[in-house]
Amino acid sequence: ASTVGRRVARLEAAVGAVLFLKTPQGYALTEAGERLVAPAEASEKAALAAAEAVRRETGISGQLRIGAPDGCANYLLPQVAGAMCAAHPGLEIQIVAQPRVVNLSKREADMAITVSPPDTGRLVVQRLTDYRLHLAGQADYLDRHPPIRDLEDLKGHRMIGYIPDMIFDRELDYLSETGADSAALSSNSVSVQMQAIRAGAGLGIVHDFAMPFVPELRPVLARRIALTRAFWLLRHADDRASRRLTLLAEELAQRIRHEVQRLEALLWRQPVSRT
């Protein structure tokens, strides 16, 4: 905080105007600060373009920050990022796992993966891949309870899911698919929900691509409760001209598609297409 304060003071002294108001929530822009935003963004864009021109001669390198919901960040991106770093030794990848949509306008990340396309914003939007989810339970838990043959049989089970007022995207509202009104055990984190199911605390909706990491989980009513969702890749519109980011986006999309297919095939023991 002290470093930021010194730099803000130097910037304001150089410009000759008060650019920020200090509030209990942090810094807020003054009118003069607002007027400086567009020129500052233009300067940043020019600097990035210059760096891009240099990188073209040396291959894909530098830092790439990817924001993603924690299901994708925990069970897909580690393998995908590892493969990309191996293919490009000069590349540094940062994975931001958050139970909300990353704000690209505020440059919280270079790219963001979401579970639905945005309605507004200056963004480049690309559909990545469909993925599937099923109701699941831990094997010992299922053995200790009567067989589940129909939706009616779920009434005697504790359901695990999202905290209702912390569902940041309508596509994550899964409980209605099971016929349950609410979750007895809930979290805003996919990983916490997964660990609760793994511990035998109840039943919950799980990504098919995550189940191979927890082999003690078993799909329940797989034909009756089968959800399909999609991942979307977002980039700031100003980055459209960046050849480096375009190449990274194409590679990221290709690797995520294959990784989803590979992991889902492991769950259902199906062959993986190489197309």
# chains A, B, ... in the order shown; residues from 1 in each chain; ligands from 1

$ residues_around --residues "segment 219-226 of chain A" --least-positions-apart "4" --cutoff "10 Å" --atoms "only C-alpha atoms" --output "list in words"
Arg132, Leu133, His134, Leu135, Ala136, Gly137, Gln138, Ala139, Leu142, Pro147, Ile148, Arg149, Asp150, Leu151, Leu154, Glu177, Thr178, Gly179, Leu203, Gly204, Ile205, Val206, Asp208, Met211 and Leu267 of chain A

$ write_last_selection --atoms "N, CA, C and O atoms" --output "compact mmCIF listing (two decimals), in the first residue's frame"
# COMPACT_ATOMS: atom_id res chain seq x y z
N ARG A 132 -20.12 -32.24 -19.83
CA ARG A 132 -21.28 -32.88 -19.22
C ARG A 132 -21.11 -33.02 -17.71
O ARG A 132 -19.99 -33.06 -17.19
N LEU A 133 -22.24 -33.08 -17.03
CA LEU A 133 -22.27 -33.25 -15.58
C LEU A 133 -23.33 -34.29 -15.21
O LEU A 133 -24.33 -34.45 -15.92
N HIS A 134 -23.09 -35.01 -14.12
CA HIS A 134 -24.04 -36.01 -13.63
C HIS A 134 -24.14 -35.94 -12.12
O HIS A 134 -23.22 -35.47 -11.44
N LEU A 135 -25.24 -36.42 -11.62
CA LEU A 135 -25.38 -36.61 -10.18
C LEU A 135 -24.44 -37.74 -9.78
O LEU A 135 -24.31 -38.75 -10.49
N ALA A 136 -23.77 -37.59 -8.63
CA ALA A 136 -22.80 -38.60 -8.22
C ALA A 136 -22.80 -38.75 -6.70
O ALA A 136 -23.20 -37.85 -5.96
N GLY A 137 -22.32 -39.91 -6.27
CA GLY A 137 -22.15 -40.18 -4.85
C GLY A 137 -20.92 -41.04 -4.64
O GLY A 137 -20.42 -41.68 -5.57
N GLN A 138 -20.42 -41.04 -3.40
CA GLN A 138 -19.25 -41.86 -3.07
C GLN A 138 -19.68 -43.33 -2.96
O GLN A 138 -20.78 -43.65 -2.51
N ALA A 139 -18.82 -44.23 -3.41
CA ALA A 139 -19.18 -45.65 -3.53
C ALA A 139 -19.66 -46.23 -2.20
O ALA A 139 -20.70 -46.91 -2.14
N LEU A 142 -23.09 -44.95 -1.28
CA LEU A 142 -24.15 -45.58 -2.06
C LEU A 142 -24.41 -47.01 -1.60
O LEU A 142 -25.56 -47.47 -1.57
N PRO A 147 -30.87 -48.86 -3.01
CA PRO A 147 -30.61 -48.51 -4.41
C PRO A 147 -31.44 -47.30 -4.86
O PRO A 147 -32.59 -47.13 -4.44
N ILE A 148 -30.84 -46.46 -5.69
CA ILE A 148 -31.53 -45.29 -6.23
C ILE A 148 -31.93 -45.61 -7.66
O ILE A 148 -31.08 -45.69 -8.55
N ARG A 149 -33.24 -45.82 -7.85
CA ARG A 149 -33.72 -46.24 -9.17
C ARG A 149 -34.55 -45.16 -9.86
O ARG A 149 -34.81 -45.24 -11.05
N ASP A 150 -34.98 -44.17 -9.10
CA ASP A 150 -35.83 -43.11 -9.66
C ASP A 150 -35.62 -41.82 -8.89
O ASP A 150 -35.01 -41.82 -7.81
N LEU A 151 -36.14 -40.73 -9.44
CA LEU A 151 -36.01 -39.43 -8.78
C LEU A 151 -36.63 -39.44 -7.40
O LEU A 151 -36.15 -38.76 -6.49
N LEU A 154 -34.43 -40.10 -4.37
CA LEU A 154 -33.47 -39.10 -3.91
C LEU A 154 -33.95 -38.35 -2.67
O LEU A 154 -33.16 -37.70 -2.00
N GLU A 177 -32.47 -29.77 -11.54
CA GLU A 177 -32.37 -30.98 -12.36
C GLU A 177 -32.59 -32.25 -11.54
O GLU A 177 -32.93 -33.30 -12.07
N THR A 178 -32.37 -32.16 -10.23
CA THR A 178 -32.52 -33.34 -9.37
C THR A 178 -33.89 -33.39 -8.71
O THR A 178 -34.23 -34.38 -8.07
N GLY A 179 -34.66 -32.31 -8.85
CA GLY A 179 -35.95 -32.25 -8.18
C GLY A 179 -35.87 -31.74 -6.76
O GLY A 179 -36.89 -31.61 -6.08
N LEU A 203 -25.17 -36.44 -1.93
CA LEU A 203 -25.09 -36.52 -3.39
C LEU A 203 -25.00 -35.12 -3.98
O LEU A 203 -25.54 -34.16 -3.41
N GLY A 204 -24.35 -35.00 -5.13
CA GLY A 204 -24.25 -33.70 -5.77
C GLY A 204 -23.93 -33.82 -7.25
O GLY A 204 -23.52 -34.89 -7.72
N ILE A 205 -24.13 -32.73 -7.96
CA ILE A 205 -23.82 -32.69 -9.39
C ILE A 205 -22.31 -32.47 -9.56
O ILE A 205 -21.74 -31.56 -8.96
N VAL A 206 -21.70 -33.32 -10.39
CA VAL A 206 -20.24 -33.29 -10.57
C VAL A 206 -19.91 -33.25 -12.06
O VAL A 206 -20.57 -33.91 -12.87
N ASP A 208 -18.26 -34.36 -15.34
CA ASP A 208 -17.73 -35.65 -15.79
C ASP A 208 -16.21 -35.61 -15.87
O ASP A 208 -15.53 -36.60 -15.56
N MET A 211 -14.57 -36.37 -12.41
CA MET A 211 -14.74 -37.65 -11.73
C MET A 211 -13.54 -38.59 -11.85
O MET A 211 -13.26 -39.33 -10.91
N LEU A 267 -13.98 -41.60 -17.87
CA LEU A 267 -15.11 -41.92 -17.00
C LEU A 267 -16.00 -42.98 -17.62
O LEU A 267 -16.41 -43.93 -16.95

$ select_by_dssp --residues "segment 24-232 of chain A" --states "alpha helix (DSSP H)" --output "PyMOL selection string"
chain A and resi 31-58+70-75+77-87+139-144+190-198

$ write_last_selection --atoms "C-alpha atoms" --output "tab-separated table (two decimals), in the first residue's frame"
chain	number	residue	atom	x	y	z
A	31	GLU	CA	-12.72	13.88	-12.92
A	32	ALA	CA	-9.12	14.56	-13.94
A	33	GLY	CA	-8.30	10.90	-13.41
A	34	GLU	CA	-11.23	9.85	-15.58
A	35	ARG	CA	-9.96	12.09	-18.39
A	36	LEU	CA	-6.57	10.39	-18.20
A	37	VAL	CA	-7.94	6.85	-18.61
A	38	ALA	CA	-8.29	6.87	-22.42
A	39	PRO	CA	-4.79	8.28	-23.11
A	40	ALA	CA	-3.31	5.86	-20.56
A	41	GLU	CA	-5.02	2.91	-22.24
A	42	ALA	CA	-3.76	4.11	-25.65
A	43	SER	CA	-0.21	4.29	-24.24
A	44	GLU	CA	-0.54	0.80	-22.80
A	45	LYS	CA	-1.82	-0.53	-26.13
A	46	ALA	CA	1.15	1.02	-27.97
A	47	ALA	CA	3.61	-0.46	-25.45
A	48	LEU	CA	2.02	-3.90	-25.79
A	49	ALA	CA	2.18	-3.63	-29.59
A	50	ALA	CA	5.88	-2.81	-29.37
A	51	ALA	CA	6.51	-5.81	-27.12
A	52	GLU	CA	4.45	-7.95	-29.49
A	53	ALA	CA	6.67	-6.97	-32.41
A	54	VAL	CA	9.74	-8.11	-30.47
A	55	ARG	CA	8.15	-11.40	-29.38
A	56	ARG	CA	7.35	-12.35	-32.97
A	57	GLU	CA	11.05	-12.85	-33.52
A	58	THR	CA	11.52	-15.05	-30.45
A	70	ASP	CA	-12.76	-23.21	-10.06
A	71	GLY	CA	-14.04	-26.43	-11.65
A	72	CYS	CA	-12.20	-25.64	-14.87
A	73	ALA	CA	-9.23	-24.17	-12.98
A	74	ASN	CA	-8.80	-27.23	-10.76
A	75	TYR	CA	-9.47	-30.12	-13.12
A	77	LEU	CA	-6.21	-25.94	-16.64
A	78	PRO	CA	-3.33	-27.53	-14.68
A	79	GLN	CA	-2.79	-30.18	-17.38
A	80	VAL	CA	-3.47	-27.76	-20.23
A	81	ALA	CA	-1.17	-25.05	-18.82
A	82	GLY	CA	1.56	-27.60	-18.14
A	83	ALA	CA	1.47	-28.79	-21.75
A	84	MET	CA	1.54	-25.22	-23.07
A	85	CYS	CA	4.52	-24.29	-20.87
A	86	ALA	CA	6.34	-27.40	-22.07
A	87	ALA	CA	5.67	-26.42	-25.69
A	139	ALA	CA	-19.18	-45.65	-3.53
A	140	ASP	CA	-19.33	-46.56	0.19
A	141	TYR	CA	-22.10	-44.02	0.74
A	142	LEU	CA	-24.15	-45.58	-2.06
A	143	ASP	CA	-23.53	-49.10	-0.70
A	144	ARG	CA	-24.85	-48.06	2.72
A	190	VAL	CA	-16.84	-26.72	-6.80
A	191	SER	CA	-13.82	-28.23	-5.05
A	192	VAL	CA	-15.47	-27.99	-1.62
A	193	GLN	CA	-18.64	-29.59	-2.99
A	194	MET	CA	-16.53	-32.36	-4.53
A	195	GLN	CA	-14.73	-33.05	-1.25
A	196	ALA	CA	-18.06	-33.18	0.60
A	197	ILE	CA	-19.39	-35.75	-1.87
A	198	ARG	CA	-16.12	-37.66	-1.62

$ select_by_dssp --residues "segment 3-75 of chain A" --states "strand (DSSP E)" --output "ChimeraX atom specification"
/A:20-23,26-29,62-68

$ write_last_selection --atoms "all heavy atoms" --output "compact mmCIF listing (two decimals), in the first residue's frame"
# COMPACT_ATOMS: atom_id res chain seq x y z
N PHE A 20 -6.68 10.83 -7.95
CA PHE A 20 -7.38 9.83 -7.15
C PHE A 20 -7.88 10.43 -5.84
O PHE A 20 -7.25 11.31 -5.26
CB PHE A 20 -6.45 8.65 -6.81
CG PHE A 20 -5.95 7.90 -8.01
CD1 PHE A 20 -4.75 8.24 -8.60
CD2 PHE A 20 -6.69 6.84 -8.54
CE1 PHE A 20 -4.28 7.54 -9.71
CE2 PHE A 20 -6.23 6.15 -9.64
CZ PHE A 20 -5.02 6.49 -10.24
N LEU A 21 -9.02 9.92 -5.38
CA LEU A 21 -9.52 10.19 -4.04
C LEU A 21 -9.36 8.92 -3.23
O LEU A 21 -9.75 7.84 -3.67
CB LEU A 21 -10.99 10.60 -4.09
CG LEU A 21 -11.32 11.94 -4.78
CD1 LEU A 21 -12.83 12.13 -4.85
CD2 LEU A 21 -10.66 13.09 -4.04
N LYS A 22 -8.78 9.04 -2.04
CA LYS A 22 -8.57 7.88 -1.19
C LYS A 22 -9.82 7.65 -0.34
O LYS A 22 -10.25 8.56 0.38
CB LYS A 22 -7.34 8.08 -0.31
CG LYS A 22 -6.79 6.79 0.27
CD LYS A 22 -5.44 7.03 0.92
CE LYS A 22 -4.84 5.71 1.42
NZ LYS A 22 -3.52 5.92 2.05
N THR A 23 -10.41 6.46 -0.43
CA THR A 23 -11.62 6.12 0.32
C THR A 23 -11.35 4.87 1.14
O THR A 23 -10.34 4.17 0.93
CB THR A 23 -12.79 5.85 -0.64
OG1 THR A 23 -12.57 4.58 -1.31
CG2 THR A 23 -12.92 6.95 -1.69
N GLY A 26 -10.62 2.01 -1.02
CA GLY A 26 -9.48 2.08 -1.92
C GLY A 26 -9.47 3.40 -2.67
O GLY A 26 -10.07 4.39 -2.23
N TYR A 27 -8.79 3.45 -3.81
CA TYR A 27 -8.69 4.66 -4.60
C TYR A 27 -9.87 4.77 -5.57
O TYR A 27 -10.27 3.79 -6.19
CB TYR A 27 -7.39 4.68 -5.40
CG TYR A 27 -6.15 4.96 -4.57
CD1 TYR A 27 -5.33 3.92 -4.13
CD2 TYR A 27 -5.81 6.26 -4.23
CE1 TYR A 27 -4.20 4.18 -3.37
CE2 TYR A 27 -4.68 6.53 -3.47
CZ TYR A 27 -3.87 5.49 -3.04
OH TYR A 27 -2.76 5.74 -2.30
N ALA A 28 -10.38 6.00 -5.71
CA ALA A 28 -11.43 6.29 -6.71
C ALA A 28 -10.93 7.42 -7.59
O ALA A 28 -10.23 8.33 -7.13
CB ALA A 28 -12.72 6.70 -6.02
N LEU A 29 -11.25 7.35 -8.87
CA LEU A 29 -10.78 8.37 -9.81
C LEU A 29 -11.52 9.69 -9.63
O LEU A 29 -12.74 9.71 -9.42
CB LEU A 29 -10.98 7.88 -11.25
CG LEU A 29 -10.02 6.80 -11.76
CD1 LEU A 29 -10.49 6.27 -13.10
CD2 LEU A 29 -8.60 7.35 -11.87
N GLY A 62 6.58 -14.78 -22.49
CA GLY A 62 5.95 -13.79 -21.64
C GLY A 62 4.90 -14.40 -20.73
O GLY A 62 4.78 -15.61 -20.60
N GLN A 63 4.12 -13.53 -20.11
CA GLN A 63 3.14 -13.96 -19.12
C GLN A 63 1.74 -14.02 -19.71
O GLN A 63 1.35 -13.16 -20.50
CB GLN A 63 3.16 -12.97 -17.94
CG GLN A 63 2.27 -13.38 -16.76
CD GLN A 63 2.27 -12.32 -15.69
OE1 GLN A 63 1.40 -11.46 -15.60
NE2 GLN A 63 3.31 -12.36 -14.85
N LEU A 64 0.99 -15.04 -19.33
CA LEU A 64 -0.41 -15.18 -19.72
C LEU A 64 -1.22 -15.49 -18.46
O LEU A 64 -0.97 -16.50 -17.80
CB LEU A 64 -0.59 -16.30 -20.75
CG LEU A 64 -2.05 -16.63 -21.13
CD1 LEU A 64 -2.68 -15.46 -21.88
CD2 LEU A 64 -2.12 -17.91 -21.96
N ARG A 65 -2.17 -14.62 -18.14
CA ARG A 65 -3.03 -14.85 -16.98
C ARG A 65 -4.42 -15.25 -17.47
O ARG A 65 -5.05 -14.55 -18.24
CB ARG A 65 -3.12 -13.60 -16.11
CG ARG A 65 -4.02 -13.78 -14.88
CD ARG A 65 -4.01 -12.57 -13.98
NE ARG A 65 -2.71 -12.42 -13.32
CZ ARG A 65 -2.45 -11.47 -12.43
NH1 ARG A 65 -3.39 -10.58 -12.12
NH2 ARG A 65 -1.26 -11.40 -11.88
N ILE A 66 -4.88 -16.41 -16.96
CA ILE A 66 -6.18 -16.95 -17.37
C ILE A 66 -7.09 -17.02 -16.16
O ILE A 66 -6.76 -17.63 -15.14
CB ILE A 66 -6.03 -18.37 -17.96
CG1 ILE A 66 -5.00 -18.39 -19.10
CG2 ILE A 66 -7.37 -18.89 -18.45
CD1 ILE A 66 -4.59 -19.79 -19.53
N GLY A 67 -8.25 -16.38 -16.26
CA GLY A 67 -9.25 -16.47 -15.20
C GLY A 67 -10.27 -17.54 -15.55
O GLY A 67 -10.67 -17.68 -16.71
N ALA A 68 -10.69 -18.33 -14.56
CA ALA A 68 -11.61 -19.43 -14.84
C ALA A 68 -12.40 -19.80 -13.59
O ALA A 68 -11.90 -19.62 -12.47
CB ALA A 68 -10.85 -20.66 -15.35

$ atom_distance --atom1 "atom CA of Val260 of chain A" --atom2 "atom CA of Ser116 of chain A"
17.0 Å

$ atom_distance --atom1 "atom CA of Gln25 of chain A" --atom2 "atom CA of Pro118 of chain A"
27.0 Å

$ closest_residue --among "A:Asn188, A:Thr129, A:Arg269, A:Arg243" --to "Asp169 of chain A" --atoms "only C-alpha atoms"
A:Asn188

$ closest_residue --among "A:Lys106, A:Asp239, A:Leu76, A:Arg122" --to "Glu259 of chain A" --atoms "only C-alpha atoms"
A:Leu76

$ atom_distance --atom1 "atom CA of Ile160 of chain A" --atom2 "atom CA of Leu185 of chain A"
4.9 Å
